[in-house]
Amino acid sequence: MTSVAIDTTGKAATVSSPAAPVRQRTSRDDILMRVMLAVLTLWLIVTVLLPLGALLIKAGEGPKGEFVGLANFVQYFSNPALTASISNSILIALVSTVICVLLSFIFAYGLTRTCMPGRGVFKLVSQIPLLAPSLLPAISLVYLFGNQGIAKGALFGASIYGPIGIVIGEVFWTFPHALIIMTTALATSDARLYEAAESLKASAWRTFWTVTIPGARYGLISATFVVFTLVITDFGVPKVIGGQYNVLATDVYKQVVGQQNFRMGAVVGLLLLFPAVLSFFVDQWVQRKQSAALSARAVPYQPKPDTATDTFAFVACGLISLIVLVIIGMAFFASLATLWPYNLTPSLKNYDFDNMDGGGWESFFNSLRMAGYTAVFGTAIVFAGAYLVEKTKGFSFGRLLFQMLALLPLAVPGIVLGLGYIFFFNAPSNPFNFIYGTMSILVICSVAHFYSVAHLTAVTALKQLDQEIETVSASLRVAFYRTFLRVTLPVCLPAVLDIAMYLFVNALTTVSAVVFLYSPQTTLASIAVLNMDDAGDVAPAAAMAMTIFFAATIVRVLYTLLAKGALARTQAWRHR
Amino acid sequence: MAGSQADQETRQPYLVIRKVTKQFGAFTALREIDLDILQGEFVSFLGPSGCGKTTLLRAISGLDVQTSGSIHQGGRDISELPVSERDFGIVFQSYALFPNLKIKDNVGYGLVSAGKSRKEVAARVSELLAMVGLADQAEKYPAQLSGGQQQRISLARALALSPGLLLLDEPLSALDARVRARLRGEIRDVQQRLGITTIMVTHDQEEALTMSDRIVVMNHGHIEQVGTPDEIYRRPASPFVADFVGRMNFIEGKLTDAASADCRGATLRFDTDLTYAPGTGVTICVRPEDVIVRDTSRTGNAFDVDVGVMEFMGNHFSTTLHVQGSSLSISADLSMNDVRDLGIKPGGRVKAAIPPDRLRVFATVA
Amino acid sequence: MLRQILGIAALSLFATAAQAQELTVYTALEADQVKAYQASFEKANPGTKVRWVRDSTGIVTAKLLAEKANPQADVVFGLAATSLMLLDKEGMLQAYAPQGLDKIKKTMRDPADPPKWVGMDIWASAICFNTVEAQKKKAATPVSWADLTKPECKGQIAMPNPASSGTGYLMVSGWLQMMGEEAGWKFMDGLHQNIASYTHSGSKPCRQAAAGEYVVGLSFEYRANKTKKDGAPIEAILPKEGLGWDMEAAAITSTTKKTDAARKLLDWSLSEGANKLYAENFAIVALPGIQAKLENIQGDVEQMLAKNDFQWAAANRDRILAEWTKRYDGKSEAK
């Protein structure tokens, strides 16, 4: 039985009028998800985009609200006292960045590439600065190196008030941020490259420069820009220890709070937006490069004991950790002294906040409430947003818009966002004007301020989940929110708690955005630190900063215990 | 175009696909697909990656709706229905089990939402678990099961609501060879017992050949051939199908008359007359296992051949044969018996025949 | 999620509702003073609560001016009279004759009738001098402003920035009036050579002197008295040339919607009880006869007050601050 088929080359194409395109009917789930995504998009527009727009408009306004183009900028740049801050800021940021990236590289190298003892402890200590407002290291430096400082001699007569103090404080404060990036960059290197280098008999030194550094280059670039931006936009440290050394971030504050010159504040704020936006785009670029560079086949590097390297790393990490502990310890010690430096008898006198500037203990409880609300509402909004943007079918424009808005806060310094909030929410014509001066605006602003990192954490967690779970659920005719509650949320619980923790600690310690937004009803602890230091109550300021630190630490510890207990129970399925 | 076995003709098509086209921007992933699938049939979509098989499955499931064309399931036009309003169960390569739910809760997931009572759910779940042979695993979590077990759970879950259509998206690709072979049989068995219409997407021809009632071979967004495994294997409708399914010798030649061609100096005859003029280029296909070395005189196309390289494949030798007096070489699978009995060895000489009824001839595309 | 959004909305509504019974009072009083004042007032006027917006004089003034379009304050309480006169010029205050107006000193009220503002107390500049550090550095105790320009004080003096601090401004205004403009600026040029830091707040220089950060802190008598009482090794010195001073005063804003409650606060301010509280902090208060000597201040503050023309100090505030900023702002603390 033979059958010979012939391919008749030009198979007659059926010529027919183009059929009507098929449009899938949107299901109830789809409609619900789109509506919710649209609501959250609107939320981000109101809480991020419009305030920034208001800031932009303000920078181009004259005293009577008329449009004056770039006149405010011209005025700004013709004032040498103000423009001097630009070079000051850049210098400070550059020096701090170099030191911080170098130290964090050494520290991360010790943690990931050596077998030095005590890595767990070092890792723990290195994260301490995250738990305190940036004002704390600055205050501590006053006690260490001020005119009555216990280590004043170490500066050889130079004054801590000014660039030296700012740089030390900023390095302390930005260190954990750089460290996280560097640790990730160094931890994800490919062991095979080292084996290849070893088999080619490359010296350790050569291997370091030809394998380690190139492997970590994206981490180095990313850390550099992140630290640079953090420093140039931070005003807590220079405010406390800057002395007469003016920088851009304190100029914004000085213009807005000190002189109530909002237009000039907006101008300086926009200047601060530049490095942040630049850093944002560099970071995005790096992320793409880095994920492309990491092949799935990479074999994780396992460090081998090496006495010389391990000893050096141990000494270096030990010194850095010691400095961190000394800075925290100094602030704590000073906060307990009855009257620094004349009466060092321990007392809790400095913790009697109610008789001092800043709103007293109420500020502390306000801060706890604010941080709590930010954690709860922020996590809910962030996770819901991340879920919807990941899982909504179609609606690509809406999803793209949301994704962009969610990342935007990463490019906006807190001080700039706070300023935008004044212009936007305090405008009498704004229907949301009623939240001005309330706890709500602090919570909303904090959620917006810290949105991006939380969002990215949520997206990463969601991406780790099998993408087909929603399809299976839909085919089983289960509504999406059921699957969300029953599967997605429980599976992502660790990430959800991480986000809540991140939001809580940051809201508790932040100064930058909320400094423009608090009202007498809603004074905050971190701002009380600022105001007490301003009034010369430096020891009580240290006491309040330590109170924040302890609160953050306690919550952190409780969280860890919870993670060990409750998480272990709900995440039982993770274990084989 | 559908296979024409007598029992299938009496059945109504359950799934009717008409002129389904899918565009991704300028790229056409599916071009005017027409296909009927009968009630209770097991159909595999086979083809290389990017051929459109997954796109077609996603159109059927509603995950990625087609740009134009229609799909009817059980007489109902489902073209525009969202996923949740269609009637199918689906199994993915990744299992897609809910990691935080116990096996019984995974299987019962859709039942609970359908408003079944606790008792009904429990009964149905144990029934399903028994069917896939995992009745004793109900209280475990997915991560505690092996890949093959997880995929069986996934199957049980897909069948829980007794859907009209079962979609299998590369269900065995993530498993190792041994488990894959066993599960092939089990899935087919369950499908036959339930009589559920099933579509499986696969790039593995062996899977398609062993499990399917019919195979749809796809390439570049269109269907190359639809047929029973036997038809696909024995009578590939195009060089592509011939090449993609099984191993094949492709011999270039020129027609000398209506039923023979000159191939590098050797003349091959075939059974059916071709209507092309002599001199037309043709491609002649023959499977290595169809080349014979015994009783060569009974068929045509018998040649004296030089034995070239012989690769031992375990149950046969993959051998290269050079036709004497020509530059034609073909590969042939010679059985162990043939090799032993005829004393075939590399550099030796033997008589071989290429039976004319086993040849597939295609005019070479100009 | 909708519920959360509603939750935030509800939260805000709640916060607004809670404000209803409260007077928003802008003040430059010291944080450690307001508590007693508030307690006394709220005890005398149940149902009226005070919410303080506290900052230094310059900032409260700037804030009030900046918020002119959308005013928040009901009462301005404990702000320098020179600043209140500035606000009055902008038409931001309303006239009210509080109960007991006839009893207070004639000099301690707005001359207009009814007055736009009423005085509370007078505060005057003082030097906080750290005796321990002075001994270490062998520095002589200054007895006059002129002593502060001596080279041995170099880098040892902190002073409040007059642009933000009311205490700073009363010093500058006092010097210019005592010495005459030309000599006054010349004195400040010399002083500037020795200044280590211009602070944002009027209290900070005294506290810094108390902590030994600097030997000399230019501040005011309340803070000097209080800081010494807290145990700091300082002397409170009243320089012999005379003291710059200003009056803390209270006024009702023209835009308040809570006029009745606001008037209660002003009535209270003129009461004997209030003046007794003021007298715990300041040597000179509005009501005659309630005079208390501050235990740690040597000398008679009232006797030493320099001649002070409020009208002049208020009218020339902008000009003086501009000049000062031009000359010395480089050493100013951020803010």
# chains A, B, ... in the order shown; residues from 1 in each chain; ligands from 1
$ residues_around --residues "stretch 236-250 of chain C" --least-positions-apart "5" --cutoff "6 Å" --atoms "only C-alpha atoms" --output "list in words"
Val76, Phe77, Gly78, Leu79, Ala80, Ala81, Trp117, Val118, Gly119, Met120, Asp121, Ile122, Trp123, Ala124, Ser125, Ala126, Ile127, Cys128, Val143, Ser144, Trp145, Leu170, Met171, Gly174, Ala224, Ile297, Met304, Leu305 and Ala306 of chain C
$ write_last_selection --atoms "N, CA and C atoms" --output "PDB file, in the first residue's frame"
ATOM      1  N   VAL C  76      -2.157  84.049  69.361  1.00  0.00           N
ATOM      2  CA  VAL C  76      -0.702  84.062  69.424  1.00  0.00           C
ATOM      3  C   VAL C  76      -0.375  84.429  70.863  1.00  0.00           C
ATOM      4  N   PHE C  77       0.349  83.547  71.525  1.00  0.00           N
ATOM      5  CA  PHE C  77       0.506  83.674  72.966  1.00  0.00           C
ATOM      6  C   PHE C  77       1.969  83.494  73.319  1.00  0.00           C
ATOM      7  N   GLY C  78       2.575  84.515  73.912  1.00  0.00           N
ATOM      8  CA  GLY C  78       3.980  84.381  74.275  1.00  0.00           C
ATOM      9  C   GLY C  78       4.883  84.563  73.081  1.00  0.00           C
ATOM     10  N   LEU C  79       4.585  85.589  72.299  1.00  0.00           N
ATOM     11  CA  LEU C  79       5.466  85.924  71.182  1.00  0.00           C
ATOM     12  C   LEU C  79       5.998  87.331  71.436  1.00  0.00           C
ATOM     13  N   ALA C  80       7.202  87.611  70.930  1.00  0.00           N
ATOM     14  CA  ALA C  80       7.800  88.924  71.152  1.00  0.00           C
ATOM     15  C   ALA C  80       6.873  90.031  70.656  1.00  0.00           C
ATOM     16  N   ALA C  81       6.753  91.079  71.454  1.00  0.00           N
ATOM     17  CA  ALA C  81       5.882  92.191  71.082  1.00  0.00           C
ATOM     18  C   ALA C  81       6.300  92.785  69.740  1.00  0.00           C
ATOM     19  N   TRP C 117      -2.789  93.903  71.330  1.00  0.00           N
ATOM     20  CA  TRP C 117      -2.048  92.873  72.071  1.00  0.00           C
ATOM     21  C   TRP C 117      -1.826  93.335  73.505  1.00  0.00           C
ATOM     22  N   VAL C 118      -1.671  92.371  74.395  1.00  0.00           N
ATOM     23  CA  VAL C 118      -1.372  92.697  75.787  1.00  0.00           C
ATOM     24  C   VAL C 118      -0.122  91.952  76.227  1.00  0.00           C
ATOM     25  N   GLY C 119       0.702  92.647  77.037  1.00  0.00           N
ATOM     26  CA  GLY C 119       1.967  92.062  77.476  1.00  0.00           C
ATOM     27  C   GLY C 119       1.761  91.010  78.553  1.00  0.00           C
ATOM     28  N   MET C 120       2.721  90.145  78.696  1.00  0.00           N
ATOM     29  CA  MET C 120       2.679  89.113  79.732  1.00  0.00           C
ATOM     30  C   MET C 120       3.846  89.303  80.696  1.00  0.00           C
ATOM     31  N   ASP C 121       5.028  89.388  80.122  1.00  0.00           N
ATOM     32  CA  ASP C 121       6.217  89.522  80.952  1.00  0.00           C
ATOM     33  C   ASP C 121       7.328  90.075  80.078  1.00  0.00           C
ATOM     34  N   ILE C 122       8.419  90.388  80.735  1.00  0.00           N
ATOM     35  CA  ILE C 122       9.563  90.897  79.986  1.00  0.00           C
ATOM     36  C   ILE C 122      10.700  89.919  80.138  1.00  0.00           C
ATOM     37  N   TRP C 123      11.351  89.649  79.011  1.00  0.00           N
ATOM     38  CA  TRP C 123      12.536  88.804  79.147  1.00  0.00           C
ATOM     39  C   TRP C 123      13.743  89.536  78.582  1.00  0.00           C
ATOM     40  N   ALA C 124      14.867  89.291  79.238  1.00  0.00           N
ATOM     41  CA  ALA C 124      16.044  90.089  78.947  1.00  0.00           C
ATOM     42  C   ALA C 124      17.252  89.202  78.727  1.00  0.00           C
ATOM     43  N   SER C 125      18.187  89.750  78.014  1.00  0.00           N
ATOM     44  CA  SER C 125      19.372  88.961  77.694  1.00  0.00           C
ATOM     45  C   SER C 125      20.232  88.735  78.934  1.00  0.00           C
ATOM     46  N   ALA C 126      20.969  87.630  78.925  1.00  0.00           N
ATOM     47  CA  ALA C 126      21.885  87.308  80.013  1.00  0.00           C
ATOM     48  C   ALA C 126      22.986  86.422  79.454  1.00  0.00           C
ATOM     49  N   ILE C 127      24.104  86.386  80.178  1.00  0.00           N
ATOM     50  CA  ILE C 127      25.219  85.543  79.744  1.00  0.00           C
ATOM     51  C   ILE C 127      25.289  84.318  80.652  1.00  0.00           C
ATOM     52  N   CYS C 128      25.385  83.135  80.036  1.00  0.00           N
ATOM     53  CA  CYS C 128      25.660  81.929  80.806  1.00  0.00           C
ATOM     54  C   CYS C 128      27.155  81.662  80.686  1.00  0.00           C
ATOM     55  N   VAL C 143      32.225  90.786  82.673  1.00  0.00           N
ATOM     56  CA  VAL C 143      31.220  91.569  83.401  1.00  0.00           C
ATOM     57  C   VAL C 143      30.496  92.517  82.461  1.00  0.00           C
ATOM     58  N   SER C 144      31.015  92.666  81.261  1.00  0.00           N
ATOM     59  CA  SER C 144      30.373  93.585  80.310  1.00  0.00           C
ATOM     60  C   SER C 144      30.316  92.918  78.939  1.00  0.00           C
ATOM     61  N   TRP C 145      29.479  93.489  78.062  1.00  0.00           N
ATOM     62  CA  TRP C 145      29.438  93.000  76.684  1.00  0.00           C
ATOM     63  C   TRP C 145      30.812  93.162  76.053  1.00  0.00           C
ATOM     64  N   LEU C 170      16.534  90.482  70.338  1.00  0.00           N
ATOM     65  CA  LEU C 170      16.505  91.520  71.367  1.00  0.00           C
ATOM     66  C   LEU C 170      17.914  91.934  71.782  1.00  0.00           C
ATOM     67  N   MET C 171      18.853  91.005  71.672  1.00  0.00           N
ATOM     68  CA  MET C 171      20.241  91.356  71.948  1.00  0.00           C
ATOM     69  C   MET C 171      20.740  92.370  70.922  1.00  0.00           C
ATOM     70  N   GLY C 174      19.035  95.598  71.206  1.00  0.00           N
ATOM     71  CA  GLY C 174      19.502  96.268  72.416  1.00  0.00           C
ATOM     72  C   GLY C 174      20.859  96.926  72.207  1.00  0.00           C
ATOM     73  N   ALA C 224      19.040  81.022  81.922  1.00  0.00           N
ATOM     74  CA  ALA C 224      20.235  81.011  82.763  1.00  0.00           C
ATOM     75  C   ALA C 224      19.877  80.528  84.166  1.00  0.00           C
ATOM     76  N   ILE C 297      19.965  84.648  89.742  1.00  0.00           N
ATOM     77  CA  ILE C 297      20.393  85.825  88.986  1.00  0.00           C
ATOM     78  C   ILE C 297      20.853  86.897  89.969  1.00  0.00           C
ATOM     79  N   MET C 304      18.418  97.159  85.163  1.00  0.00           N
ATOM     80  CA  MET C 304      19.468  97.087  84.140  1.00  0.00           C
ATOM     81  C   MET C 304      18.922  97.096  82.716  1.00  0.00           C
ATOM     82  N   LEU C 305      17.609  97.051  82.565  1.00  0.00           N
ATOM     83  CA  LEU C 305      17.052  97.032  81.214  1.00  0.00           C
ATOM     84  C   LEU C 305      17.476  98.281  80.460  1.00  0.00           C
ATOM     85  N   ALA C 306      17.930  98.097  79.258  1.00  0.00           N
ATOM     86  CA  ALA C 306      18.333  99.228  78.441  1.00  0.00           C
ATOM     87  C   ALA C 306      17.095  99.944  77.940  1.00  0.00           C
TER      88      ALA C 306
END
$ residues_around --residues "A:Leu567" --least-positions-apart "3" --cutoff "12 Å" --atoms "only C-alpha atoms" --output "list in words"
Pro490, Val491, Cys492, Leu493, Pro494, Ala495, Val496, Leu497, Asp498, Tyr559, Thr560, Leu561, Leu562, Ala563, Lys564, Thr570, Gln571, Ala572, Trp573 and Arg574 of chain A
$ closest_atom_pairs --of "stretch 359-402 of chain A" --to "stretch 444-451 of chain A" --cutoff "7 Å" --atoms "only C-alpha atoms" --output "Markdown table"
| residue | atom | partner | partner_atom | distance |
| --- | --- | --- | --- | --- |
| A:Thr374 | CA | A:Val447 | CA | 5.9 |
| A:Gly378 | CA | A:Val447 | CA | 5.3 |
| A:Val382 | CA | A:Tyr451 | CA | 6.9 |
$ write_last_selection --atoms "C-alpha atoms" --output "JSON list (two decimals), in the first residue's frame"
[["chain", "number", "residue", "atom", "x", "y", "z"],
["A", 374, "THR", "CA", 1.99, 52.80, 58.04],
["A", 378, "GLY", "CA", 1.05, 50.34, 53.75],
["A", 382, "VAL", "CA", 1.52, 47.64, 48.62]]
$ closest_residue --among "C:Ser165, C:Ser201, C:Asn130, C:Thr325" --to "chain A" --atoms "only C-alpha atoms"
C:Ser201
$ closest_atom_pairs --of "chain A" --to "chain C" --cutoff "7 Å" --atoms "only C-alpha atoms" --output "CSV"
residue,atom,partner,partner_atom,distance
A:Gly146,CA,C:Glu213,CA,7.0
A:Asn147,CA,C:Glu213,CA,5.0
A:Gln148,CA,C:Glu213,CA,5.7
A:Lys239,CA,C:Ala334,CA,5.6
A:Gly243,CA,C:Glu333,CA,5.0
A:Gln244,CA,C:Lys331,CA,4.5
A:Asn246,CA,C:Ala334,CA,6.5
A:Thr250,CA,C:Ala334,CA,6.1
A:Tyr253,CA,C:Lys335,CA,6.3
A:Lys254,CA,C:Lys335,CA,4.0
A:Val257,CA,C:Ile59,CA,6.9
A:Gly258,CA,C:Ile59,CA,5.4
A:Gln259,CA,C:Ala62,CA,5.9
A:Gln260,CA,C:Ala62,CA,5.8
A:Trp340,CA,C:Ala211,CA,5.8
A:Pro341,CA,C:Ala211,CA,6.2
A:Asn355,CA,C:Asp32,CA,4.7
A:Met356,CA,C:Ala31,CA,5.1
A:Asp357,CA,C:Ala31,CA,4.9
A:Phe377,CA,C:Gln4,CA,6.5
A:Ala380,CA,C:Met1,CA,7.0
A:Ile435,CA,C:Ser12,CA,5.8
A:Thr438,CA,C:Ala15,CA,6.1
A:Ser440,CA,C:Ser12,CA,5.5
A:Pro520,CA,C:Val53,CA,5.4
A:Asp534,CA,C:Ser201,CA,6.3
A:Ala535,CA,C:Lys204,CA,4.9
A:Gly536,CA,C:Lys204,CA,3.8
A:Asp537,CA,C:Arg207,CA,7.0
$ residues_around --residues "C:Val75" --least-positions-apart "4" --cutoff "9 Å" --atoms "only C-alpha atoms" --output "MDAnalysis selection string"
chainID C and resid 23:27 250:253 256 262:263 265:266
$ atom_distance --atom1 "atom CA of B:Arg152" --atom2 "atom CA of B:Gln93"
11.4 Å
$ residues_around --residues "B:Glu252" --least-positions-apart "5" --cutoff "7 Å" --atoms "only C-alpha atoms" --output "list in words"
Cys263, Val282, Thr283 and Ile284 of chain B
$ write_last_selection --atoms "N, CA and C atoms" --output "JSON list (two decimals), in the first residue's frame"
[["chain", "number", "residue", "atom", "x", "y", "z"],
["B", 263, "CYS", "N", 18.87, 8.95, -8.14],
["B", 263, "CYS", "CA", 19.36, 9.56, -6.92],
["B", 263, "CYS", "C", 20.86, 9.32, -6.85],
["B", 282, "VAL", "N", 12.93, 15.73, -6.69],
["B", 282, "VAL", "CA", 12.09, 15.14, -5.65],
["B", 282, "VAL", "C", 12.93, 14.83, -4.41],
["B", 283, "THR", "N", 12.23, 14.73, -3.30],
["B", 283, "THR", "CA", 12.86, 14.24, -2.09],
["B", 283, "THR", "C", 12.21, 12.92, -1.75],
["B", 284, "ILE", "N", 13.03, 11.93, -1.57],
["B", 284, "ILE", "CA", 12.49, 10.61, -1.27],
["B", 284, "ILE", "C", 12.83, 10.27, 0.17]]
$ residues_around --residues "A:Lys58" --least-positions-apart "2" --cutoff "8 Å" --atoms "only C-alpha atoms" --output "PDB file with N, CA, C and O atoms, in the first residue's frame"
ATOM      1  N   ALA A  54       2.800  69.571  42.084  1.00  0.00           N
ATOM      2  CA  ALA A  54       2.579  70.815  42.825  1.00  0.00           C
ATOM      3  C   ALA A  54       3.906  71.482  43.152  1.00  0.00           C
ATOM      4  O   ALA A  54       4.044  72.710  43.093  1.00  0.00           O
ATOM      5  N   LEU A  55       4.907  70.649  43.465  1.00  0.00           N
ATOM      6  CA  LEU A  55       6.244  71.181  43.765  1.00  0.00           C
ATOM      7  C   LEU A  55       6.834  71.866  42.540  1.00  0.00           C
ATOM      8  O   LEU A  55       7.396  72.964  42.618  1.00  0.00           O
ATOM      9  N   LEU A  56       6.667  71.200  41.405  1.00  0.00           N
ATOM     10  CA  LEU A  56       7.181  71.740  40.154  1.00  0.00           C
ATOM     11  C   LEU A  56       6.542  73.089  39.850  1.00  0.00           C
ATOM     12  O   LEU A  56       7.223  74.055  39.465  1.00  0.00           O
ATOM     13  N   GLY A  60       8.012  77.418  39.892  1.00  0.00           N
ATOM     14  CA  GLY A  60       7.893  78.387  38.797  1.00  0.00           C
ATOM     15  C   GLY A  60       6.899  79.488  39.097  1.00  0.00           C
ATOM     16  O   GLY A  60       6.421  80.161  38.186  1.00  0.00           O
ATOM     17  N   GLU A  61       6.578  79.652  40.377  1.00  0.00           N
ATOM     18  CA  GLU A  61       5.589  80.663  40.744  1.00  0.00           C
ATOM     19  C   GLU A  61       6.240  81.890  41.358  1.00  0.00           C
ATOM     20  O   GLU A  61       7.262  81.796  42.034  1.00  0.00           O
ATOM     21  N   GLY A  65       1.700  83.917  43.152  1.00  0.00           N
ATOM     22  CA  GLY A  65       1.183  82.725  42.500  1.00  0.00           C
ATOM     23  C   GLY A  65       1.187  82.818  40.990  1.00  0.00           C
ATOM     24  O   GLY A  65       0.650  81.958  40.316  1.00  0.00           O
ATOM     25  N   PHE A 262       8.644  79.207  50.653  1.00  0.00           N
ATOM     26  CA  PHE A 262       8.321  77.921  50.037  1.00  0.00           C
ATOM     27  C   PHE A 262       8.813  77.830  48.605  1.00  0.00           C
ATOM     28  O   PHE A 262       9.195  76.767  48.136  1.00  0.00           O
ATOM     29  N   ARG A 263       8.806  78.946  47.900  1.00  0.00           N
ATOM     30  CA  ARG A 263       9.212  78.892  46.502  1.00  0.00           C
ATOM     31  C   ARG A 263      10.686  78.515  46.393  1.00  0.00           C
ATOM     32  O   ARG A 263      11.063  77.673  45.590  1.00  0.00           O
ATOM     33  N   ALA A 266      11.167  74.974  47.105  1.00  0.00           N
ATOM     34  CA  ALA A 266      10.816  74.139  45.955  1.00  0.00           C
ATOM     35  C   ALA A 266      11.967  74.091  44.956  1.00  0.00           C
ATOM     36  O   ALA A 266      12.255  73.036  44.378  1.00  0.00           O
ATOM     37  N   PHE A 423       2.512  71.670  49.404  1.00  0.00           N
ATOM     38  CA  PHE A 423       1.937  72.449  48.311  1.00  0.00           C
ATOM     39  C   PHE A 423       0.630  71.845  47.838  1.00  0.00           C
ATOM     40  O   PHE A 423      -0.323  72.548  47.532  1.00  0.00           O
TER      41      PHE A 423
END
